[in-house]
There are 4 protein chains.
Amino acid sequence: MVRSILLTGYNPYRNAPDYNPTGVLARELDGRRIGKAHIHGAEIPVAVEDAGSAFRRLLNRMNPDAALAMGVAPGRSRLSVERVAVNVLDFSVPDNRGRRYRDRPIRKGGPAAYFSTLPVRPILAALRKARIPAELSDTAGTYLCNFAMFTLLDAFAADGKKGPAGFIHIPQVPEASLDKSGQPSMDYVTIRRGILVALQEIEKAIPRPRPRRSGATP
Amino acid sequence: MVRSILLTGYNPYRNAPDYNPTGVLARELDGRRIGKAHIHGAEIPVAVEDAGSAFRRLLNRMNPDAALAMGVAPGRSRLSVERVAVNVLDFSVPDNRGRRYRDRPIRKGGPAAYFSTLPVRPILAALRKARIPAELSDTAGTYLCNFAMFTLLDAFAADGKKGPAGFIHIPQVPEASLDKSGQPSMDYVTIRRGILVALQEIEKAIPRPRPRRSGATP
Amino acid sequence: MVRSILLTGYNPYRNAPDYNPTGVLARELDGRRIGKAHIHGAEIPVAVEDAGSAFRRLLNRMNPDAALAMGVAPGRSRLSVERVAVNVLDFSVPDNRGRRYRDRPIRKGGPAAYFSTLPVRPILAALRKARIPAELSDTAGTYLCNFAMFTLLDAFAADGKKGPAGFIHIPQVPEASLDKSGQPSMDYVTIRRGILVALQEIEKAIPRPRPRRSGATP
Amino acid sequence: MVRSILLTGYNPYRNAPDYNPTGVLARELDGRRIGKAHIHGAEIPVAVEDAGSAFRRLLNRMNPDAALAMGVAPGRSRLSVERVAVNVLDFSVPDNRGRRYRDRPIRKGGPAAYFSTLPVRPILAALRKARIPAELSDTAGTYLCNFAMFTLLDAFAADGKKGPAGFIHIPQVPEASLDKSGQPSMDYVTIRRGILVALQEIEKAIPRPRPRRSGATP
């Protein structure tokens, strides 16, 4: 049976318009096969309202077995597998619709947080084996990236889905760091290699359907 | 007329034995042609005495028109074109011979410092145009890297050479940063691309010989 | 009516034995009056089992109206008012009993996280007014500090307490940063001033008892 | 015989107008006695032309036996005793006269650099003993601070003065770091204590006059 993994990245942020490597990567890997899973890649707008409806639409249409969202974390130097998403929107800069939230819940009445259901330790071990700098992160922030992770995990929980879902932050790419003195970066090729490694572990973690008993009927 | 550029990198440091990308790159580019210049690439031992005699030997044998030394600067996130080398050895860790110097001049009676004679601004502009993160650095430290830069500039000055000489620090490569939480890195391909860009500017800065007057004799 | 605020700091960590400013400060402020509240200051052992029973004992004995736990965050440069505590123990170094936990819940079956119930924004505004560098932090880590915050909020929730509870991380003090190249610090006097400012806001946030209606009987 | 030490700090920078702790400290310590030396404290304008003439005037009028210049290094977390001043002006922001220099020598024809003639190691040892975070720095930058250090050392060299001269960078003070997320700071009291410790070592390093032979007259 073919499985599906939803892979999302973000559109460019409006103050850094040229390029968001996560959106590019999500589109590039769209349609690709990882193990028995089909990747459905999608670019998400950098705005709470639009991102919320984009995630809902994608989840409804695809009904994916697993989901990995990606976003850029300027200032970080390695792939950051996020441990936890919190139920809060608190922006230091506006989103692409110009909206700025402060201390607002993502879903009123929702839980304070969700832990990633990705195979976090196997992903980190596989990245290390592939010699790609990676780390476990304890905060995905309170901007669009945390919003993506919380939204996916909240939807998976609502639907009773058992498959893995979560978020990986990537560093800025070198070509977007030219004017940011001291900002670390990671090239697209290494990022891409790392995300493929992570997707392999995610594919392995998709629950297998129980084998039907053969010859059960007389 | 063929010109020559000496390009040096370092051997692996004894506490990080696997790999020093600058030594690998110097060897890889050995024999390559850049414009009208021939690259002579060499790997230098990470020890003051051995490095000193290696530089002297290379300079005597090759009599290069220009020289670029490279070394790794763990913790830096971009190519660092060094502005100045100071006449001091002050080590926080021993070199590969186990020697540790403190507040010692590189050459007793030598000047306090030399400024790089590389075309620093054109190199930075060309790197920017190539979209490779780079910066001008005001200190090459007081370890082997500063030693390399001071030694080359001191030798060029002693020989009355007018050609460009200096130093570029490179970030650690990703595969050597696996256990260094938060350490920035730059992949070998980007580093290599950046050094080739710098070498092109260095080649252009080699003084052209005065054309001989034709028919000067009566 | 006299209210009470539990104020805790930690004992010295066994690899930094001399001094933990948070434990010293908790003891120093023990017995002090802030507004209508009495401060009960206590030093907590840096070990999960011992800290857990210390918090339970203090909460049972004192039945405090509010609680503020403190701990040192080496590497941070300002007072960090924590937003959220997560239900996880994941240690990169052992605690003072030599135990090291990995990806373990603090309370099995407990919620993924609690948000601070401190008056976080008024505390930040008051610290700013007092010209003390402070920030809102989105992670208290996964070591003893996060454990303290989660444990207090979990106990307040279990007891149906409406009073404020939470955590403030403080920078290392200068005298403990001598050998840590580049580590930021904050002097004890500024830390102490900042914690007193925070306690004033916490005291104001303790719910006032409803005034009894006078002449309520017919 | 009374000795004199010139102690300088800077005026507020025009984009941070309230307060420059180095200027305040230079004025505060003006007139103070350290050992056998009299401190002459002065505040210097943050502009190359004005600072240059201020230093010349002070040196001519006072003819000091030693000189210590101070300036703020935003982003540094400890007292930085500078090792070397370089003969260059290269500004990323204009000075208070609005002038911005690029790759210009401080004194045309001057040496590339001067090493500090302060008793650098005794100062660092004394600061450590006083439990004040300090470090040896290999670059004073290329802005007004490096200009002060180079100018003092150049003047001492021109006059054949044997006394110690140099520069110490101090961190930003907490109250000036309120809006600078993550910027380290050091409180004025600790800075002041550290500079007094340094001045004591500087005073000890002033060359003593040769004792006259007694009984030289018949």
# chains A, B, ... in the order shown; residues from 1 in each chain; ligands from 1
>>> residues_around(residues="segment 92-101 of chain A", least_positions_apart="2", cutoff="12 Å", atoms="only C-alpha atoms", output="PyMOL selection string")
(chain A and resi 10-17+44-51+88-90+103-106+141-145+147) or (chain C and resi 136) or (chain D and resi 181)
>>> select_by_dssp(residues="segment 178-217 of chain A", states="helix (DSSP H, G or I)", output="PyMOL selection string")
chain A and resi 188-205
>>> write_last_selection(atoms="C-alpha atoms", output="PDB file, in the first residue's frame")
ATOM      1  CA  TYR A 188      21.078  23.942   0.056  1.00  0.00           C
ATOM      2  CA  VAL A 189      22.734  20.672  -0.968  1.00  0.00           C
ATOM      3  CA  THR A 190      23.521  19.715   2.625  1.00  0.00           C
ATOM      4  CA  ILE A 191      20.054  20.793   3.807  1.00  0.00           C
ATOM      5  CA  ARG A 192      18.446  18.736   1.054  1.00  0.00           C
ATOM      6  CA  ARG A 193      20.560  15.725   1.908  1.00  0.00           C
ATOM      7  CA  GLY A 194      19.573  16.086   5.574  1.00  0.00           C
ATOM      8  CA  ILE A 195      15.866  16.355   4.883  1.00  0.00           C
ATOM      9  CA  LEU A 196      16.005  13.245   2.693  1.00  0.00           C
ATOM     10  CA  VAL A 197      17.712  11.389   5.556  1.00  0.00           C
ATOM     11  CA  ALA A 198      14.967  12.567   7.923  1.00  0.00           C
ATOM     12  CA  LEU A 199      12.203  11.538   5.501  1.00  0.00           C
ATOM     13  CA  GLN A 200      13.636   8.022   5.333  1.00  0.00           C
ATOM     14  CA  GLU A 201      13.359   7.719   9.114  1.00  0.00           C
ATOM     15  CA  ILE A 202       9.873   9.204   9.047  1.00  0.00           C
ATOM     16  CA  GLU A 203       8.780   6.718   6.398  1.00  0.00           C
ATOM     17  CA  LYS A 204      10.039   3.842   8.549  1.00  0.00           C
ATOM     18  CA  ALA A 205       8.038   5.182  11.487  1.00  0.00           C
TER      19      ALA A 205
END
>>> residues_around(residues="segment 132-135 of chain A", least_positions_apart="2", cutoff="12 Å", atoms="only C-alpha atoms", output="number ranges by chain")
A: 76-83, 120-130, 137-139, 168-171, 185-187, 189-198; B: 172-187
>>> calpha_fit_rmsd(fixed="chain C", moving="chain A")
0.4 Å
>>> residues_around(residues="Asn63 of chain A", least_positions_apart="4", cutoff="9 Å", atoms="only C-alpha atoms", output="list in words")
Ser4, Leu6, Leu58 and Leu59 of chain A
>>> write_last_selection(atoms="N, CA, C and O atoms", output="PDB file, in the first residue's frame")
ATOM      1  N   SER A   4       1.676   8.194   2.284  1.00  0.00           N
ATOM      2  CA  SER A   4       1.978   9.553   1.830  1.00  0.00           C
ATOM      3  C   SER A   4       2.526  10.374   2.990  1.00  0.00           C
ATOM      4  O   SER A   4       2.118  10.213   4.139  1.00  0.00           O
ATOM      5  N   LEU A   6       3.216  14.338   3.954  1.00  0.00           N
ATOM      6  CA  LEU A   6       3.088  15.760   3.612  1.00  0.00           C
ATOM      7  C   LEU A   6       4.381  16.465   4.010  1.00  0.00           C
ATOM      8  O   LEU A   6       4.839  16.335   5.155  1.00  0.00           O
ATOM      9  N   LEU A  58      -4.709  20.942   2.767  1.00  0.00           N
ATOM     10  CA  LEU A  58      -3.782  19.856   2.415  1.00  0.00           C
ATOM     11  C   LEU A  58      -4.089  18.584   3.195  1.00  0.00           C
ATOM     12  O   LEU A  58      -4.063  17.474   2.636  1.00  0.00           O
ATOM     13  N   LEU A  59      -4.385  18.726   4.466  1.00  0.00           N
ATOM     14  CA  LEU A  59      -4.653  17.543   5.295  1.00  0.00           C
ATOM     15  C   LEU A  59      -5.950  16.869   4.845  1.00  0.00           C
ATOM     16  O   LEU A  59      -6.026  15.634   4.769  1.00  0.00           O
TER      17      LEU A  59
END
>>> residues_around(residues="segment 109-113 of chain C", least_positions_apart="6", cutoff="7 Å", atoms="only C-alpha atoms", output="PDB file with N, CA, C and O atoms, in the first residue's frame")
ATOM      1  N   ALA A 112      -1.601  23.089  26.061  1.00  0.00           N
ATOM      2  CA  ALA A 112      -0.497  24.047  26.099  1.00  0.00           C
ATOM      3  C   ALA A 112       0.569  23.703  25.060  1.00  0.00           C
ATOM      4  O   ALA A 112       1.213  24.591  24.513  1.00  0.00           O
ATOM      5  N   ALA A 113       0.737  22.415  24.770  1.00  0.00           N
ATOM      6  CA  ALA A 113       1.808  22.012  23.852  1.00  0.00           C
ATOM      7  C   ALA A 113       1.573  20.609  23.327  1.00  0.00           C
ATOM      8  O   ALA A 113       0.782  19.843  23.891  1.00  0.00           O
ATOM      9  N   TYR A 114       2.232  20.293  22.245  1.00  0.00           N
ATOM     10  CA  TYR A 114       2.324  18.921  21.743  1.00  0.00           C
ATOM     11  C   TYR A 114       3.792  18.568  21.588  1.00  0.00           C
ATOM     12  O   TYR A 114       4.576  19.382  21.077  1.00  0.00           O
ATOM     13  N   PHE A 115       4.136  17.347  21.954  1.00  0.00           N
ATOM     14  CA  PHE A 115       5.470  16.859  21.625  1.00  0.00           C
ATOM     15  C   PHE A 115       5.468  16.342  20.201  1.00  0.00           C
ATOM     16  O   PHE A 115       4.462  15.794  19.733  1.00  0.00           O
TER      17      PHE A 115
ATOM     18  N   VAL C  84       7.094  28.902  29.474  1.00  0.00           N
ATOM     19  CA  VAL C  84       6.487  27.572  29.421  1.00  0.00           C
ATOM     20  C   VAL C  84       7.431  26.522  30.019  1.00  0.00           C
ATOM     21  O   VAL C  84       8.653  26.630  29.890  1.00  0.00           O
ATOM     22  N   ALA C  85       6.833  25.555  30.709  1.00  0.00           N
ATOM     23  CA  ALA C  85       7.596  24.406  31.225  1.00  0.00           C
ATOM     24  C   ALA C  85       7.069  23.162  30.544  1.00  0.00           C
ATOM     25  O   ALA C  85       5.856  23.001  30.396  1.00  0.00           O
ATOM     26  N   VAL C  86       7.971  22.282  30.113  1.00  0.00           N
ATOM     27  CA  VAL C  86       7.541  21.085  29.384  1.00  0.00           C
ATOM     28  C   VAL C  86       7.728  19.834  30.230  1.00  0.00           C
ATOM     29  O   VAL C  86       8.596  19.787  31.113  1.00  0.00           O
ATOM     30  N   ASN C  87       6.905  18.835  29.948  1.00  0.00           N
ATOM     31  CA  ASN C  87       6.876  17.610  30.755  1.00  0.00           C
ATOM     32  C   ASN C  87       7.969  16.645  30.296  1.00  0.00           C
ATOM     33  O   ASN C  87       7.672  15.551  29.819  1.00  0.00           O
TER      34      ASN C  87
END
>>> atom_distance(atom1="atom CA of Gly163 of chain C", atom2="atom CA of Thr117 of chain C")
7.6 Å
>>> select_by_dssp(residues="chain D", states="strand (DSSP E)", output="VMD selection string")
chain D and resid 3 to 10 33 to 34 37 to 44 66 to 72 79 to 82 84 to 86 113 to 115 134 to 137 165 to 170
>>> residues_around(residues="Ala26 of chain C", least_positions_apart="2", cutoff="10 Å", atoms="only C-alpha atoms", output="MDAnalysis selection string")
chainID C and resid 6:10 21:24 28:31 39:44 68:70 192 195
>>> atom_distance(atom1="atom CA of Leu118 of chain B", atom2="atom CA of Met149 of chain D")
25.8 Å
